[in-house]
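See below for structure.txt, which holds compact mmCIF, C-alpha atoms and all ligand atoms.
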# COMPACT_ATOMS: atom_id res chain seq x y z
CA MET A 695 0.00 0.00 0.00
CA ALA A 696 1.26 3.47 -0.79
CA GLY A 697 2.20 5.54 2.26
CA LEU A 698 1.38 9.20 2.69
CA ALA A 699 3.66 12.18 2.89
CA LYS A 700 4.29 12.47 6.62
CA SER A 701 4.48 16.22 6.85
CA GLY A 702 4.12 19.30 4.71
CA LEU A 703 2.52 22.67 4.44
CA CYS A 704 -1.15 23.21 3.80
CA ALA A 705 -2.82 26.64 3.89
CA GLY A 706 0.39 27.95 5.45
CA ARG A 707 0.25 25.53 8.39
CA PRO A 708 2.45 22.49 8.96
CA TYR A 709 0.54 19.22 9.13
CA LYS A 710 1.54 15.80 10.40
CA LEU A 711 -0.11 12.62 9.24
CA ARG A 712 0.10 9.13 10.57
CA PRO A 713 0.96 6.64 7.82
CA MET A 714 -2.19 5.36 6.20
CA SER A 715 -3.16 3.56 3.04
CA LYS A 716 -4.21 5.39 -0.07
CA ALA A 717 -7.90 6.31 -0.14
CA LYS A 718 -10.26 5.16 -2.88
CA LEU A 719 -12.96 7.64 -3.88
CA TYR A 720 -15.99 6.26 -5.70
CA THR A 721 -17.87 8.95 -7.57
CA LEU A 722 -19.76 9.68 -10.81
CA PRO A 723 -18.48 11.94 -13.62
CA GLY A 724 -19.73 15.43 -12.80
CA SER A 725 -20.93 14.53 -9.27
CA HIS A 726 -20.78 17.75 -7.24
CA PRO A 727 -20.55 16.08 -3.81
CA GLY A 728 -17.90 13.84 -5.40
CA VAL A 729 -15.92 16.99 -6.25
CA SER A 730 -16.46 18.20 -2.65
CA VAL A 731 -14.84 15.07 -1.28
CA ALA A 732 -12.00 15.16 -3.83
CA LEU A 733 -11.24 18.76 -2.78
CA MET A 734 -11.29 17.81 0.91
CA LEU A 735 -8.95 14.85 0.32
CA ASP A 736 -6.60 17.23 -1.52
CA TYR A 737 -6.86 19.78 1.29
CA LYS A 738 -5.93 17.11 3.83
CA ALA A 739 -3.11 15.93 1.49
CA ILE A 740 -4.54 12.41 1.49
CA PRO A 741 -3.59 10.65 -1.77
CA TYR A 742 -6.45 8.81 -3.40
CA LYS A 743 -7.45 6.84 -6.44
CA ARG A 744 -10.65 8.03 -8.10
CA VAL A 745 -13.08 5.51 -9.52
CA ASP A 746 -15.78 7.04 -11.73
CA LEU A 747 -18.87 4.86 -11.88
CA LEU A 748 -21.68 5.26 -14.35
CA PRO A 749 -24.98 6.62 -13.01
CA VAL A 750 -27.63 4.03 -12.03
CA VAL A 751 -25.10 1.18 -12.49
CA SER A 752 -23.24 2.81 -9.58
CA LYS A 753 -25.82 1.54 -7.09
CA ALA A 754 -25.06 -2.14 -7.78
CA VAL A 755 -21.31 -1.51 -7.89
CA LEU A 756 -21.34 0.27 -4.51
CA ARG A 757 -23.21 -2.64 -2.93
CA ALA A 758 -20.86 -5.14 -4.61
CA VAL A 759 -17.79 -3.43 -3.11
CA GLY A 760 -19.36 -3.44 0.34
CA PHE A 761 -20.97 -0.03 0.91
CA PRO A 762 -24.31 -0.05 2.74
CA GLY A 763 -25.82 2.84 0.73
CA VAL A 764 -26.28 3.37 -3.00
CA THR A 765 -25.04 6.91 -3.54
CA VAL A 766 -21.67 8.49 -4.22
CA PRO A 767 -19.42 9.96 -2.94
CA ALA A 768 -18.16 6.86 -1.13
CA VAL A 769 -14.66 6.46 0.23
CA LYS A 770 -12.59 3.51 1.39
CA LEU A 771 -9.89 4.69 3.74
CA ASP A 772 -7.86 2.74 6.24
CA GLY A 773 -10.34 -0.13 6.26
CA GLU A 774 -13.29 2.23 6.82
CA LYS A 775 -16.15 2.57 4.36
CA LEU A 776 -17.45 6.14 4.38
CA GLN A 777 -20.42 7.44 2.44
CA GLY A 778 -22.05 10.86 2.05
CA SER A 779 -20.15 14.13 1.69
CA ARG A 780 -20.90 15.36 5.24
CA PRO A 781 -20.11 12.10 7.11
CA ILE A 782 -16.95 11.84 4.99
CA ALA A 783 -15.97 15.41 6.00
CA ARG A 784 -16.39 14.50 9.70
CA ALA A 785 -14.38 11.29 9.27
CA LEU A 786 -11.57 13.10 7.43
CA ASP A 787 -11.28 15.58 10.29
CA SER A 788 -10.97 12.80 12.82
CA LEU A 789 -8.47 10.81 10.73
CA VAL A 790 -6.35 13.83 9.74
CA PRO A 791 -7.17 16.74 12.08
CA ASP A 792 -4.91 19.30 10.42
CA PRO A 793 -5.83 21.37 8.51
CA PRO A 794 -9.30 21.35 10.12
CA LEU A 795 -12.54 21.54 8.14
CA LEU A 796 -14.41 23.08 11.09
CA PRO A 797 -13.46 26.02 13.31
CA GLU A 798 -12.75 25.38 16.98
CA ASP A 799 -14.97 28.19 18.26
CA PRO A 800 -18.38 26.57 19.02
CA GLU A 801 -20.43 29.44 17.60
CA GLN A 802 -18.43 29.60 14.36
CA ARG A 803 -18.52 25.83 14.13
CA ARG A 804 -22.31 25.82 14.44
CA ALA A 805 -22.58 28.41 11.67
CA VAL A 806 -20.26 26.46 9.33
CA LEU A 807 -22.24 23.25 9.98
CA GLU A 808 -25.46 25.14 9.18
CA ALA A 809 -24.03 26.46 5.88
CA GLU A 810 -22.73 22.99 5.03
CA LYS A 811 -26.21 21.55 5.74
CA ILE A 812 -27.88 24.11 3.45
CA GLY A 813 -25.35 23.19 0.74
CA ASP A 814 -26.07 19.48 1.13
CA GLU A 815 -29.81 19.44 1.84
CA GLN A 816 -31.12 22.46 -0.08
CA LEU A 817 -28.66 23.28 -2.88
CA GLN A 818 -27.30 19.95 -4.14
CA HIS A 819 -30.51 18.27 -5.20
CA PRO A 820 -32.22 21.09 -7.17
CA ILE A 821 -29.04 21.46 -9.25
CA ARG A 822 -29.04 17.70 -9.82
CA GLN A 823 -32.68 17.76 -10.93
CA ILE A 824 -32.17 20.72 -13.29
CA ILE A 825 -29.15 19.15 -14.97
CA TRP A 826 -30.79 15.73 -15.49
CA TRP A 827 -33.91 17.43 -16.92
CA LEU A 828 -31.66 19.23 -19.43
CA MET A 829 -29.53 16.14 -20.15
CA LYS A 830 -32.65 14.20 -21.16
CA ARG A 831 -33.34 16.87 -23.79
CA ASN A 832 -29.75 17.44 -24.89
CA GLY A 833 -27.85 14.15 -24.85
CA ASN A 834 -25.02 15.77 -26.86
CA ALA A 835 -23.95 17.64 -23.74
CA MET A 836 -23.12 14.36 -21.97
CA GLY A 837 -19.66 14.07 -23.55
CA SER A 838 -18.48 17.35 -22.02
CA TYR A 839 -19.35 16.14 -18.48
CA LEU A 840 -17.35 12.96 -19.11
CA GLU A 841 -14.15 14.90 -19.97
CA GLY A 842 -11.35 13.79 -17.64
CA SER A 843 -13.46 11.03 -16.09
CA HIS A 844 -12.09 7.60 -15.19
CA THR A 845 -14.99 5.31 -16.16
CA GLY A 846 -12.80 2.99 -18.20
CA ILE A 847 -15.21 3.45 -21.13
CA PRO A 848 -14.14 5.65 -24.08
CA ILE A 849 -16.16 8.90 -24.06
CA PRO A 850 -17.73 8.45 -27.55
CA ILE A 851 -19.00 4.99 -26.54
CA ALA A 852 -20.23 6.16 -23.12
CA LYS A 853 -21.95 9.11 -24.79
CA HIS A 854 -23.76 6.94 -27.31
CA THR A 855 -24.94 4.37 -24.80
CA ALA A 856 -26.03 6.90 -22.19
CA ALA A 857 -29.76 7.22 -23.01
CA PRO A 858 -31.01 4.50 -20.60
CA LEU A 859 -28.72 5.82 -17.85
CA VAL A 860 -30.03 9.36 -18.37
CA ALA A 861 -33.62 8.06 -18.29
CA GLY A 862 -32.86 6.14 -15.09
CA SER A 863 -31.26 9.20 -13.49
CA VAL A 864 -34.20 11.42 -14.44
CA HIS A 865 -36.52 8.88 -12.80
CA PHE A 866 -34.34 8.32 -9.71
CA ASN A 867 -33.92 12.08 -9.11
CA LYS A 868 -37.58 12.91 -9.90
CA ALA A 869 -36.35 15.46 -12.45
CA ASP A 870 -39.78 16.23 -13.89
CA ASP A 871 -41.23 19.56 -15.06
CA LYS A 872 -42.95 20.31 -11.76
CA ASN A 873 -39.89 19.63 -9.61
CA VAL A 874 -37.52 21.50 -11.91
CA GLN A 875 -39.80 24.55 -11.90
CA ALA A 876 -39.92 24.37 -8.10
CA ALA A 877 -36.12 23.98 -7.97
CA LEU A 878 -35.66 27.10 -10.10
CA ALA A 879 -38.13 29.05 -7.99
CA ALA A 880 -36.30 28.08 -4.78
CA LEU A 881 -32.79 28.76 -6.09
CA PRO A 882 -32.66 32.58 -5.64
CA GLY A 883 -33.61 32.26 -1.95
CA ILE A 884 -30.92 29.64 -1.36
CA LEU A 885 -28.31 31.77 -3.18
CA ASP A 886 -29.31 34.84 -1.12
CA GLN A 887 -28.91 32.84 2.10
CA LEU A 888 -25.45 31.61 1.04
CA ASP A 889 -24.35 35.10 -0.03
CA ALA A 890 -25.46 36.43 3.37
CA MET A 891 -23.39 33.74 5.11
CA ILE A 892 -20.35 34.72 3.03
CA ALA A 893 -20.93 38.37 4.04
CA ASP A 894 -21.01 37.19 7.69
CA ARG A 895 -17.67 35.41 7.08
CA VAL A 896 -19.12 31.97 7.88
CA PHE A 897 -17.33 30.68 4.78
CA GLY A 898 -15.56 32.15 1.76
CA ASN A 899 -12.61 33.26 3.93
CA THR A 900 -8.88 32.82 3.25
CA GLU A 901 -8.85 29.31 4.69
CA PRO A 902 -11.63 27.14 3.28
CA ASN A 903 -13.84 25.13 5.63
CA ALA A 904 -16.38 22.32 5.26
CA ALA A 905 -19.05 24.76 4.01
CA ASP A 906 -16.76 26.07 1.23
CA PHE A 907 -16.06 22.53 0.07
CA GLN A 908 -19.74 21.58 0.22
CA VAL A 909 -21.19 24.64 -1.52
CA ALA A 910 -18.59 25.59 -4.17
CA PRO A 911 -18.84 22.41 -6.31
CA SER A 912 -22.67 22.68 -6.51
CA ILE A 913 -22.38 26.30 -7.61
CA ALA A 914 -19.58 25.42 -10.07
CA LEU A 915 -21.77 22.68 -11.55
CA ALA A 916 -24.72 25.10 -11.79
CA MET A 917 -22.45 27.52 -13.66
CA THR A 918 -21.78 24.90 -16.37
CA LEU A 919 -25.40 25.57 -17.39
CA ASP A 920 -25.75 28.49 -19.81
CA ASP A 921 -29.26 29.02 -18.42
CA LEU A 922 -28.01 29.57 -14.85
CA ARG A 923 -24.49 31.02 -15.14
CA PRO A 924 -25.50 34.68 -15.79
CA SER A 925 -27.60 34.76 -12.59
CA ILE A 926 -24.87 33.25 -10.43
CA GLU A 927 -21.37 34.21 -11.61
CA ASP A 928 -21.30 37.76 -10.24
CA ARG A 929 -22.71 36.83 -6.84
CA PRO A 930 -20.31 36.26 -3.93
CA VAL A 931 -21.09 32.56 -4.02
CA GLY A 932 -20.37 32.45 -7.78
CA ARG A 933 -17.01 34.17 -7.29
CA LEU A 934 -16.18 31.74 -4.47
CA ALA A 935 -16.95 28.76 -6.71
CA LYS A 936 -14.73 30.16 -9.48
CA THR A 937 -11.87 30.44 -6.99
CA LEU A 938 -12.24 27.01 -5.38
CA VAL A 939 -13.29 25.06 -8.48
CA PRO A 940 -11.91 27.08 -11.41
CA GLU A 941 -12.50 24.27 -13.91
CA TYR A 942 -15.58 22.07 -13.71
CA ALA A 943 -15.98 19.67 -16.63
CA GLY A 944 -19.17 20.11 -18.59
CA HIS A 945 -21.17 22.58 -20.60
CA MET A 946 -24.93 22.60 -21.02
CA PRO A 947 -26.34 24.93 -23.71
CA PRO A 948 -29.58 26.82 -22.97
CA GLY A 949 -32.67 24.60 -22.79
CA LEU A 950 -34.92 25.69 -19.93
CA PRO A 951 -38.19 27.47 -20.80
CA PRO A 952 -37.55 31.23 -20.30
CA GLU A 953 -40.64 31.58 -18.08
CA TRP A 954 -39.17 29.00 -15.63
CA LEU A 955 -36.07 31.19 -15.34
CA ALA A 956 -38.03 34.34 -14.42
CA PRO A 957 -37.48 33.92 -10.62
CA LEU A 958 -33.71 34.07 -11.22
CA SER A 959 -33.76 37.32 -13.15
CA SER A 960 -36.13 39.23 -10.87
N1 LIG A 1001 -26.33 14.46 -0.27
C1 LIG A 1001 -25.54 13.32 -0.67
C2 LIG A 1001 -25.82 13.10 -2.14
C3 LIG A 1001 -25.64 11.73 -2.61
C4 LIG A 1001 -26.18 11.59 -4.05
O1 LIG A 1001 -27.40 11.72 -4.29
N2 LIG A 1001 -25.28 11.32 -5.00
C5 LIG A 1001 -25.65 11.12 -6.37
C6 LIG A 1001 -24.59 11.65 -7.31
S1 LIG A 1001 -24.35 13.38 -7.13
C7 LIG A 1001 -25.79 9.62 -6.65
O2 LIG A 1001 -25.07 8.81 -6.12
N3 LIG A 1001 -26.72 9.25 -7.53
C8 LIG A 1001 -26.90 7.90 -7.94
C9 LIG A 1001 -27.08 7.79 -9.43
O3 LIG A 1001 -27.08 8.81 -10.11
O4 LIG A 1001 -27.21 6.65 -9.90
C10 LIG A 1001 -24.05 13.61 -0.42
O5 LIG A 1001 -23.67 14.76 -0.28
O6 LIG A 1001 -23.28 12.65 -0.33
Show the structure stored in the file as structure tokens.
Ligand SMILES: N[C@@H](CCC(=O)N[C@@H](CS)C(=O)NCC(=O)O)C(=O)O
Amino acid sequence: MAGLAKSGLCAGRPYKLRPMSKAKLYTLPGSHPGVSVALMLDYKAIPYKRVDLLPVVSKAVLRAVGFPGVTVPAVKLDGEKLQGSRPIARALDSLVPDPPLLPEDPEQRRAVLEAEKIGDEQLQHPIRQIIWWLMKRNGNAMGSYLEGSHTGIPIPIAKHTAAPLVAGSVHFNKADDKNVQAALAALPGILDQLDAMIADRVFGNTEPNAADFQVAPSIALAMTLDDLRPSIEDRPVGRLAKTLVPEYAGHMPPGLPPEWLAPLSS
């Protein structure tokens, strides 16, 4: 098993790690919580191998390799099987405390956990629903989200066999007209809340915390959508995402009905 660097500098602070095996991150191409976990592993200087599963098929694979749940991100690290971006963040802090993902001060810690929860429970899923709704109507965009992925399947082949996986993902994520309209209507309120938390210095500071790593990939993914980018990129949360995740694979041309986008422009 590969060992880890035993010391180094991260965010200007020295860190010390006990030797541990390389982590294995199971994710999907374009998965925003998967990017969150990859960024946190990098921040903790934990080397890892990334395994990109295909949507829908991923559920059976995760079970086959011993995870109890059927969603990514999932991580094998030091004999532990971790699943879910927030539980993984807590486990990473206990395995490698420095640099920390949560502040020590209880009040600041509570605020970061609240922002992280909004990112996970309110922001992640609407973005997922919007993108699957669009992918069903523009299968050509699929190839761009597969750029740089490690599925083991050549992109042109994956792209041309994706229709049943897209249909399954639309079904699994309930990405129907009603839910996507509701997701778009809720988005401005969620973005306002996150911008207010950045103004209060809960996250978006010099040293990133668990909320930065949770929120920025969802916003970066949202900004791969031509329909959403103009309403997000100049907001504090958009600027934060561009700093933390400057390159997010994927590009989705416009496709949402203009009237569904009205809440974002008002
Ligand atoms: N809130 C969970 C999200 C887990 C989740 O829904 N992951 C998606 C990918 S972003 C998934 O595994 N979907 C299964 C599929 O598409 O087949 C987390 O942060 O870990």
Edge lengths and centre in Å to one decimal, as JSON, is what I'm after for the box along x, y and z that holds all listed atoms of range 814-825 of chain A once 8 Å is added on each side.
{"center_x": -29.4, "center_y": 20.5, "center_z": -6.6, "size_x": 22.6, "size_y": 21.6, "size_z": 32.8}
Would you list the residues that come within 8 Å of ligand LIG 1001 (chain A)? Count only C-alpha atoms and all ligand atoms and give the answer as a PyMOL selection string. chain A and resi 721-722+724-728+748-753+764-768+777-780+814-815+818-819+822+862-863+866-867+908
Which of A:Ile812, A:Ala905, A:Ile849, A:Val860 sits closest to Gln887 in chain A [using all atoms listed in the file]: A:Ile812
I want to know what sits within 10 Å of Ala857 in chain A, based on all atoms listed in the file, with residues of the same chain fewer than 5 positions away left out; could you give that as a PyMOL selection string? chain A and resi 829-830+833+836+852+862-863
Just want the 6 Å neighbourhood of range 945-959 of chain A, counted on all atoms listed in the file, with same-chain residues fewer than 6 positions away dropped. Output as a PDB file with C-alpha atoms, in the coordinates of the input.
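As a result, selection.pdb now contains:
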ATOM      1  CA  ALA A 835     -23.950  17.640 -23.740  1.00  0.00           C
ATOM      2  CA  GLN A 875     -39.800  24.550 -11.900  1.00  0.00           C
ATOM      3  CA  ALA A 879     -38.130  29.050  -7.990  1.00  0.00           C
ATOM      4  CA  PRO A 882     -32.660  32.580  -5.640  1.00  0.00           C
ATOM      5  CA  THR A 918     -21.780  24.900 -16.370  1.00  0.00           C
ATOM      6  CA  LEU A 919     -25.400  25.570 -17.390  1.00  0.00           C
ATOM      7  CA  ASP A 920     -25.750  28.490 -19.810  1.00  0.00           C
ATOM      8  CA  ASP A 921     -29.260  29.020 -18.420  1.00  0.00           C
TER       9      ASP A 921
END
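With all atoms listed in the file as the atoms that count, the residue of A:Ile892, A:Ala876, A:Ala916, A:Val931 with the shortest distance to Ala805 in chain A is A:Ile892.
In terms of minimum interatomic distance to Pro791 in chain A, A:Tyr737 ranks closest within A:Tyr737, A:His865, A:His844, A:Pro762, counting only C-alpha atoms.
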Using all atoms listed in the file, the best pick from A:Leu747, A:Pro793, A:Glu927, A:Ser960 as closest to Leu735 in chain A would be A:Pro793
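For the pair CA of Thr937 in chain A and CA of Leu885 in chain A, the interatomic distance is 16.9 Å.
Considering only C-alpha atoms, the residue among A:Ala809, A:Ala890, A:Val939, A:Ala732 positioned nearest to Ile782 in chain A is A:Ala732.
With all atoms listed in the file as the atoms that count, the minimum distance from Glu810 in chain A to the choices A:Asp746, A:Pro781, A:Ala869, A:Ser788 is reached by A:Pro781.
Taking CA of Asp886 in chain A as the reference point, CA of Gly932 in chain A is found at 11.4 Å.
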What does the distance between CA of Val896 in chain A and CA of Gln816 in chain A come to in Å, to one decimal place? 17.3 Å
Please identify all polymer residues within 6 Å of Lys718 in chain A, counting all atoms listed in the file, omitting same-chain residues fewer than 5 positions from it, and present them as JSON, numbers by chain. {"A": [742, 743, 744, 769, 770]}
